[in-house]
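Participant: Quick one: the structure is below, questions incoming.
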Amino acid sequence: MLLHNTLPFLQKAFCISCNLLRDFLSHRSVEQKSEIQKSFALIFFESVRIKMGIQERIKEIEKEIGRTQKNKATTTHIGLLKSQLARLRTELLIPTNKAGAGAGGGFDVAKSGDGRVALIGFPSVGKSSLLNTVTDTVSETAAYEFTTLTCIPGNVFVNGTKIQMLDLPGIIEGAAQGKGRGREVIAVARSADLIMMVLDGAREQNNQHRDILTAELETMGIRLNRNPPGISFRKKATGGVKFNATCVLNQMGDDPRETATRILSSYRIHNAEVLFREDCSVDDFIDVIEGNRRYLRCLYVYNKIDTLSIEEVDDLARKPDSVVISIYMKLNIDLMLQRMWQYLGLCRVYTKRRGQAPDLLEPVVLTSKRHGMTVEAACKSISKELLDVFNFALIWGRSTKYNPQRVGLAHVLQDEDVLQIVPKTVAQQKRSKDYGEKVQAANDLIQKERRRLRKIKR
């Protein structure tokens, strides 16, 4: 089986080596012949294994995992296999990223708006039609598959905020291995704040596209509708592996410490601090070690419900994180946009000057995925200089116990709160430790501007 998957020149080398070995063994004893033949076979097949492609090695490991029984006694062995699988998949992605960066044929576009939504799905499920319905962008639609061949951006306005929506080319099974440029498409999805998986409701029961696409995204390091595992991991220079847990670990085998230590050894990590704050699995621990996983919310959108019965629509609508729509008949589009708004976790904050009414036309939009929803994040969105003179803030809204409430930078805001920032007085600024440095920096800027004006006059 291994020789069948190798290159032809390895087969020729094997035949030549066999002839040389036969001449060499003609003057040896039977025991010596047997030992030399075994050693030669091990060396040759080890070289063949190294020459095998990464894809073949991934398939071999996946078969080994499938053959192994799942119980506590085999958890360590399965964890080691999964760690090898994760390293190979990461290694498989590195050349693609480097090549895509220089070739200029990628699908990524510049970020804009207060959030980014990526439309993922199989060909001809209605992604382009959905983009044309909710935005002003025109994306080509047709009755044949793979109509969209590049990334088409559009802007949709929900609750006074602008959200960027990306219509990506359709992907197929095996996209994580590069079929149909699936890696490039999924790489763009990693940069999104929300993934909307568009599915054909009429064919989903037979095709199971939801499970197939979820598996493809998992292979590329995207975890849907999951929180990052409660595991603290930090490398050290010396001291060995220190393992602790604040709860009972039922998914790490009979000896969780031994399992974690052996997985770390497979990554050549022999000095680290590991702390489990919740009952996590081996897969979660490997994700923390890799450190390149993306945890995104996903909304499953079932299109073409106008061709289904009421009972079938009801079954699809009751699935978790799902919404049913019909683009052709414009059914449930508003509900889909509101669910999209909720999943993005956006928060509108209205600013207010002292003695004036709040500005309800241009809110400051915050998101938990990007910069957080604290008063500090709101100050940074307005101007970074506000943090230097920030004294306290007055808040009106649902995040307070009474109105107005005096809060600091760490206060978490809620949707439609009113924010008034009170700066430090001149006397307070003079008492700050870095006041002298700020004054000197301001004077340097003034002197620099004066020198520039003198050169212009000359």
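Simple scheme: letters A, B, ... for chains in structure tokens order, numbers from 1 for residues in each chain, numbers from 1 for ligands in the order shown.
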Do a neighbour search on A:Leu80 at 9 Å with only C-alpha atoms, toss out local chain neighbours closer than 6 positions, and write the hits as a short mmCIF file (atom, residue, chain, number, x, y, z; two decimals) with N, CA and C atoms, in the first residue's frame.

Facilitator:
```
data_model
loop_
_atom_site.label_atom_id
_atom_site.label_comp_id
_atom_site.auth_asym_id
_atom_site.auth_seq_id
_atom_site.Cartn_x
_atom_site.Cartn_y
_atom_site.Cartn_z
N THR A 259 -1.45 12.30 30.30
CA THR A 259 -1.94 12.60 28.95
C THR A 259 -1.47 13.97 28.48
N ARG A 262 2.39 13.98 27.80
CA ARG A 262 2.79 13.30 26.56
C ARG A 262 2.39 14.11 25.33
N ILE A 263 1.25 14.77 25.38
CA ILE A 263 0.86 15.62 24.26
C ILE A 263 1.83 16.80 24.12
N SER A 266 4.99 15.68 22.50
CA SER A 266 4.90 15.53 21.04
C SER A 266 5.11 16.87 20.33
#
```

Participant: Could you name the residues that touch A:Asp255 at 10 Å or less, counting only C-alpha atoms, but leaving out those on the same chain fewer than 5 positions away, as a list in words?

Facilitator: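 What passes the distance filter is Lys72, Ala73, Thr75, Thr76, Leu249, Asn250 and Ala260 of chain A.
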
Participant: Would you mind writing down, as an NGL selection string, each residue of stretch 129-336 of chain A that DSSP on the backbone assigns to alpha helix (DSSP H)?

Facilitator: :A and (129-134 or 182-190 or 204-207 or 209-219 or 256-266 or 282-290 or 310-317 or 333-336)

Participant: Just list as a VMD selection string whatever in stretch 105-324 of chain A DSSP marks as strand (DSSP E or B).

Facilitator: chain A and resid 115 to 120 152 to 158 161 to 167 194 to 200 222 to 224 231 to 235 241 to 245 272 to 276 294 to 303 322 to 324

Participant: Taking 3 positions as the minimum chain separation for residues in the same chain, which residues sit within 12 Å of stretch 382-390 of chain A when counting only C-alpha atoms? Answer as a ChimeraX atom specification.

Facilitator: /A:349-351,362-366,375-379,393-394,407-409,419-435,438

Participant: Emit the selected residues as a tab-separated table (two decimals), in the first residue's frame, including N, CA and C atoms.

Facilitator:
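Just written: selection-v3.tsv:
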```
chain	number	residue	atom	x	y	z
A	349	VAL	N	-23.93	53.10	21.38
A	349	VAL	CA	-23.76	54.01	22.52
A	349	VAL	C	-23.90	55.43	21.98
A	350	TYR	N	-24.82	56.21	22.58
A	350	TYR	CA	-25.05	57.59	22.17
A	350	TYR	C	-24.26	58.53	23.08
A	351	THR	N	-23.56	59.46	22.49
A	351	THR	CA	-22.73	60.39	23.24
A	351	THR	C	-23.54	61.65	23.60
A	362	GLU	N	-25.80	59.63	15.24
A	362	GLU	CA	-24.54	58.95	14.95
A	362	GLU	C	-24.03	58.25	16.21
A	363	PRO	N	-24.48	57.06	16.48
A	363	PRO	CA	-24.02	56.36	17.68
A	363	PRO	C	-22.61	55.80	17.50
A	364	VAL	N	-21.95	55.57	18.62
A	364	VAL	CA	-20.67	54.86	18.63
A	364	VAL	C	-21.00	53.36	18.74
A	365	VAL	N	-20.59	52.60	17.74
A	365	VAL	CA	-20.94	51.17	17.68
A	365	VAL	C	-19.77	50.36	18.23
A	366	LEU	N	-20.04	49.55	19.23
A	366	LEU	CA	-19.04	48.68	19.84
A	366	LEU	C	-19.42	47.23	19.60
A	375	VAL	N	-16.35	51.28	28.66
A	375	VAL	CA	-16.20	52.72	28.48
A	375	VAL	C	-14.85	53.04	27.83
A	376	GLU	N	-13.83	52.27	28.18
A	376	GLU	CA	-12.51	52.48	27.56
A	376	GLU	C	-12.55	52.26	26.06
A	377	ALA	N	-13.27	51.20	25.60
A	377	ALA	CA	-13.40	50.96	24.17
A	377	ALA	C	-14.15	52.09	23.48
A	378	ALA	N	-15.17	52.63	24.15
A	378	ALA	CA	-15.90	53.76	23.56
A	378	ALA	C	-15.01	54.99	23.44
A	379	CYS	N	-14.17	55.25	24.44
A	379	CYS	CA	-13.24	56.39	24.37
A	379	CYS	C	-12.26	56.22	23.22
A	393	ALA	N	-17.03	58.97	33.85
A	393	ALA	CA	-18.11	59.04	32.86
A	393	ALA	C	-19.45	58.94	33.56
A	394	LEU	N	-20.45	59.57	32.97
A	394	LEU	CA	-21.84	59.47	33.44
A	394	LEU	C	-22.63	58.66	32.42
A	407	VAL	N	-19.20	56.18	36.55
A	407	VAL	CA	-18.48	54.93	36.33
A	407	VAL	C	-17.06	55.24	35.86
A	408	GLY	N	-16.25	54.17	35.81
A	408	GLY	CA	-14.88	54.28	35.33
A	408	GLY	C	-14.71	53.63	33.97
A	409	LEU	N	-13.47	53.39	33.57
A	409	LEU	CA	-13.17	52.86	32.25
A	409	LEU	C	-13.60	51.41	32.09
A	419	LEU	N	-23.75	58.10	26.97
A	419	LEU	CA	-22.44	58.27	27.60
A	419	LEU	C	-22.04	59.74	27.59
A	420	GLN	N	-21.66	60.23	28.76
A	420	GLN	CA	-21.07	61.58	28.87
A	420	GLN	C	-19.72	61.45	29.56
A	421	ILE	N	-18.66	61.87	28.88
A	421	ILE	CA	-17.29	61.77	29.40
A	421	ILE	C	-16.92	63.09	30.07
A	422	VAL	N	-16.49	63.01	31.31
A	422	VAL	CA	-16.07	64.19	32.07
A	422	VAL	C	-14.54	64.20	32.12
A	423	PRO	N	-13.87	65.16	31.51
A	423	PRO	CA	-12.40	65.17	31.50
A	423	PRO	C	-11.84	65.72	32.80
A	424	LYS	N	-10.54	65.55	32.95
A	424	LYS	CA	-9.84	66.10	34.11
A	424	LYS	C	-9.73	67.62	33.98
A	425	THR	N	-9.74	68.29	35.11
A	425	THR	CA	-9.49	69.73	35.10
A	425	THR	C	-8.00	69.99	34.88
A	426	VAL	N	-7.66	71.25	34.64
A	426	VAL	CA	-6.26	71.60	34.42
A	426	VAL	C	-5.44	71.31	35.68
A	427	ALA	N	-6.01	71.57	36.85
A	427	ALA	CA	-5.29	71.30	38.11
A	427	ALA	C	-5.05	69.81	38.28
A	428	GLN	N	-6.02	68.98	37.91
A	428	GLN	CA	-5.85	67.53	38.00
A	428	GLN	C	-4.80	67.04	37.02
A	429	GLN	N	-4.79	67.59	35.81
A	429	GLN	CA	-3.79	67.18	34.82
A	429	GLN	C	-2.38	67.54	35.28
A	430	LYS	N	-2.22	68.70	35.97
A	430	LYS	CA	-0.89	69.10	36.44
A	430	LYS	C	-0.38	68.17	37.53
A	431	ARG	N	-1.29	67.57	38.29
A	431	ARG	CA	-0.88	66.67	39.37
A	431	ARG	C	-0.54	65.27	38.86
A	432	SER	N	-0.82	64.97	37.63
A	432	SER	CA	-0.50	63.65	37.09
A	432	SER	C	1.00	63.49	36.91
A	433	LYS	N	1.48	62.24	36.97
A	433	LYS	CA	2.92	61.96	36.94
A	433	LYS	C	3.56	62.30	35.59
A	434	ASP	N	2.84	62.05	34.52
A	434	ASP	CA	3.42	62.25	33.19
A	434	ASP	C	3.05	63.61	32.60
A	435	TYR	N	2.63	64.54	33.44
A	435	TYR	CA	2.23	65.86	32.91
A	435	TYR	C	3.41	66.58	32.28
A	438	LYS	N	4.17	65.22	28.82
A	438	LYS	CA	3.17	65.66	27.83
A	438	LYS	C	3.42	67.10	27.40
```

Participant: Name the residues in contact with A:Arg293 at a cut-off of 9 Å, using only C-alpha atoms, excluding same-chain residues fewer than 2 positions from it; report them as a short mmCIF file (atom, residue, chain, number, x, y, z; two decimals) with C-alpha atoms, in the first residue's frame.

Facilitator:
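File out03.cif, as written:
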```cif
data_model
loop_
_atom_site.label_atom_id
_atom_site.label_comp_id
_atom_site.auth_asym_id
_atom_site.auth_seq_id
_atom_site.Cartn_x
_atom_site.Cartn_y
_atom_site.Cartn_z
CA MET A 220 -9.35 24.62 8.97
CA GLY A 221 -9.30 25.63 12.63
CA ILE A 222 -12.68 27.43 12.86
CA ARG A 223 -14.81 26.47 15.86
CA PRO A 228 -12.59 29.14 23.97
CA ASP A 287 -6.45 23.77 20.26
CA VAL A 288 -4.96 25.78 23.13
CA GLU A 290 -1.81 25.35 18.63
CA GLY A 291 -3.04 28.84 19.46
CA TYR A 295 -14.09 30.81 17.71
#
```

Participant: Neighbouring residues of stretch 202-218 of chain A were defined as those with any atom within 9 Å, considering only C-alpha atoms; residues of the same chain fewer than 2 positions away were excluded. Please report them as a list in words.

Facilitator: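 Final neighbour list, sorted by chain and number: Ile120, Gly121, Phe122, Ile171, Ile172, Glu173, Gly174, Ala175, Ala176, Gln177, Ile186, Met197, Val198, Leu199, Asp200, Met220, Gly221, Ile222, Arg223, Leu224, Tyr300, Tyr302, Asn303, Lys304, Ile305, Asp306, Thr307, Leu308 and Glu312 of chain A.
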
Participant: How would the residues just picked look written out with N, CA and C atoms as a PDB file, in the first residue's frame?

Facilitator:
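Resulting contents of again-v1.pdb:
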```
ATOM      1  N   ILE A 120     -21.286  31.456   3.640  1.00  0.00           N
ATOM      2  CA  ILE A 120     -20.648  30.180   3.302  1.00  0.00           C
ATOM      3  C   ILE A 120     -21.741  29.202   2.898  1.00  0.00           C
ATOM      4  N   GLY A 121     -21.462  28.399   1.883  1.00  0.00           N
ATOM      5  CA  GLY A 121     -22.437  27.389   1.486  1.00  0.00           C
ATOM      6  C   GLY A 121     -22.012  26.676   0.231  1.00  0.00           C
ATOM      7  N   PHE A 122     -22.735  25.618  -0.091  1.00  0.00           N
ATOM      8  CA  PHE A 122     -22.504  24.885  -1.330  1.00  0.00           C
ATOM      9  C   PHE A 122     -22.961  25.732  -2.515  1.00  0.00           C
ATOM     10  N   ILE A 171     -18.355  26.320  -1.867  1.00  0.00           N
ATOM     11  CA  ILE A 171     -17.343  25.314  -1.557  1.00  0.00           C
ATOM     12  C   ILE A 171     -17.995  23.940  -1.571  1.00  0.00           C
ATOM     13  N   ILE A 172     -17.178  22.924  -1.721  1.00  0.00           N
ATOM     14  CA  ILE A 172     -17.662  21.550  -1.831  1.00  0.00           C
ATOM     15  C   ILE A 172     -16.966  20.700  -0.782  1.00  0.00           C
ATOM     16  N   GLU A 173     -17.379  19.449  -0.692  1.00  0.00           N
ATOM     17  CA  GLU A 173     -16.752  18.535   0.255  1.00  0.00           C
ATOM     18  C   GLU A 173     -15.289  18.321  -0.137  1.00  0.00           C
ATOM     19  N   GLY A 174     -14.406  18.406   0.827  1.00  0.00           N
ATOM     20  CA  GLY A 174     -12.978  18.330   0.563  1.00  0.00           C
ATOM     21  C   GLY A 174     -12.343  19.692   0.358  1.00  0.00           C
ATOM     22  N   ALA A 175     -13.078  20.769   0.710  1.00  0.00           N
ATOM     23  CA  ALA A 175     -12.541  22.122   0.524  1.00  0.00           C
ATOM     24  C   ALA A 175     -11.324  22.365   1.397  1.00  0.00           C
ATOM     25  N   ALA A 176     -11.291  21.763   2.581  1.00  0.00           N
ATOM     26  CA  ALA A 176     -10.142  21.949   3.472  1.00  0.00           C
ATOM     27  C   ALA A 176      -8.872  21.355   2.892  1.00  0.00           C
ATOM     28  N   GLN A 177      -8.999  20.397   1.969  1.00  0.00           N
ATOM     29  CA  GLN A 177      -7.835  19.812   1.303  1.00  0.00           C
ATOM     30  C   GLN A 177      -7.476  20.548   0.019  1.00  0.00           C
ATOM     31  N   ILE A 186     -12.246  29.593   2.782  1.00  0.00           N
ATOM     32  CA  ILE A 186     -12.369  29.447   4.232  1.00  0.00           C
ATOM     33  C   ILE A 186     -11.423  30.411   4.944  1.00  0.00           C
ATOM     34  N   MET A 197     -24.157  30.382   7.315  1.00  0.00           N
ATOM     35  CA  MET A 197     -24.085  29.198   6.468  1.00  0.00           C
ATOM     36  C   MET A 197     -25.428  29.032   5.756  1.00  0.00           C
ATOM     37  N   VAL A 198     -25.441  29.319   4.458  1.00  0.00           N
ATOM     38  CA  VAL A 198     -26.664  29.251   3.658  1.00  0.00           C
ATOM     39  C   VAL A 198     -26.833  27.825   3.153  1.00  0.00           C
ATOM     40  N   LEU A 199     -28.004  27.238   3.434  1.00  0.00           N
ATOM     41  CA  LEU A 199     -28.276  25.850   3.089  1.00  0.00           C
ATOM     42  C   LEU A 199     -29.561  25.770   2.286  1.00  0.00           C
ATOM     43  N   ASP A 200     -29.648  24.741   1.454  1.00  0.00           N
ATOM     44  CA  ASP A 200     -30.857  24.470   0.670  1.00  0.00           C
ATOM     45  C   ASP A 200     -31.791  23.626   1.525  1.00  0.00           C
ATOM     46  N   MET A 220     -10.143  23.413   9.202  1.00  0.00           N
ATOM     47  CA  MET A 220      -9.349  24.620   8.965  1.00  0.00           C
ATOM     48  C   MET A 220      -9.163  25.467  10.221  1.00  0.00           C
ATOM     49  N   GLY A 221      -9.550  24.938  11.379  1.00  0.00           N
ATOM     50  CA  GLY A 221      -9.297  25.631  12.634  1.00  0.00           C
ATOM     51  C   GLY A 221     -10.353  26.630  13.037  1.00  0.00           C
ATOM     52  N   ILE A 222     -11.571  26.537  12.494  1.00  0.00           N
ATOM     53  CA  ILE A 222     -12.676  27.430  12.858  1.00  0.00           C
ATOM     54  C   ILE A 222     -13.651  26.646  13.718  1.00  0.00           C
ATOM     55  N   ARG A 223     -13.896  27.119  14.923  1.00  0.00           N
ATOM     56  CA  ARG A 223     -14.812  26.471  15.858  1.00  0.00           C
ATOM     57  C   ARG A 223     -16.113  27.285  15.903  1.00  0.00           C
ATOM     58  N   LEU A 224     -17.213  26.644  15.535  1.00  0.00           N
ATOM     59  CA  LEU A 224     -18.488  27.329  15.404  1.00  0.00           C
ATOM     60  C   LEU A 224     -19.297  27.224  16.685  1.00  0.00           C
ATOM     61  N   TYR A 300     -27.187  29.399  10.895  1.00  0.00           N
ATOM     62  CA  TYR A 300     -27.544  28.501   9.795  1.00  0.00           C
ATOM     63  C   TYR A 300     -28.841  29.008   9.149  1.00  0.00           C
ATOM     64  N   TYR A 302     -31.604  28.466   6.334  1.00  0.00           N
ATOM     65  CA  TYR A 302     -32.213  27.493   5.424  1.00  0.00           C
ATOM     66  C   TYR A 302     -33.076  28.235   4.418  1.00  0.00           C
ATOM     67  N   ASN A 303     -32.647  28.213   3.164  1.00  0.00           N
ATOM     68  CA  ASN A 303     -33.342  28.902   2.083  1.00  0.00           C
ATOM     69  C   ASN A 303     -34.312  27.940   1.376  1.00  0.00           C
ATOM     70  N   LYS A 304     -35.178  28.525   0.519  1.00  0.00           N
ATOM     71  CA  LYS A 304     -36.124  27.773  -0.329  1.00  0.00           C
ATOM     72  C   LYS A 304     -37.156  27.008   0.491  1.00  0.00           C
ATOM     73  N   ILE A 305     -37.641  27.634   1.567  1.00  0.00           N
ATOM     74  CA  ILE A 305     -38.663  26.961   2.372  1.00  0.00           C
ATOM     75  C   ILE A 305     -40.031  27.004   1.690  1.00  0.00           C
ATOM     76  N   ASP A 306     -40.154  27.790   0.616  1.00  0.00           N
ATOM     77  CA  ASP A 306     -41.434  27.827  -0.103  1.00  0.00           C
ATOM     78  C   ASP A 306     -41.711  26.521  -0.823  1.00  0.00           C
ATOM     79  N   THR A 307     -40.732  25.635  -0.932  1.00  0.00           N
ATOM     80  CA  THR A 307     -40.935  24.328  -1.566  1.00  0.00           C
ATOM     81  C   THR A 307     -41.163  23.216  -0.555  1.00  0.00           C
ATOM     82  N   LEU A 308     -41.246  23.563   0.743  1.00  0.00           N
ATOM     83  CA  LEU A 308     -41.398  22.554   1.791  1.00  0.00           C
ATOM     84  C   LEU A 308     -42.782  22.643   2.418  1.00  0.00           C
ATOM     85  N   GLU A 312     -42.065  20.245   7.682  1.00  0.00           N
ATOM     86  CA  GLU A 312     -40.630  20.261   7.394  1.00  0.00           C
ATOM     87  C   GLU A 312     -40.007  21.609   7.768  1.00  0.00           C
TER      88      GLU A 312
END
```

Participant: Considering only C-alpha atoms, can you say which of A:Ile61, A:Leu131, A:Val125, A:Val412 comes closest to A:Val156?

Facilitator: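 Of A:Ile61, A:Leu131, A:Val125, A:Val412, the one nearest A:Val156 is A:Leu131, counting only C-alpha atoms.
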
Participant: Please, what distance in Å, to one decimal, runs between atom CA of A:His411 and atom CA of A:Val117?

Facilitator: 27.7 Å
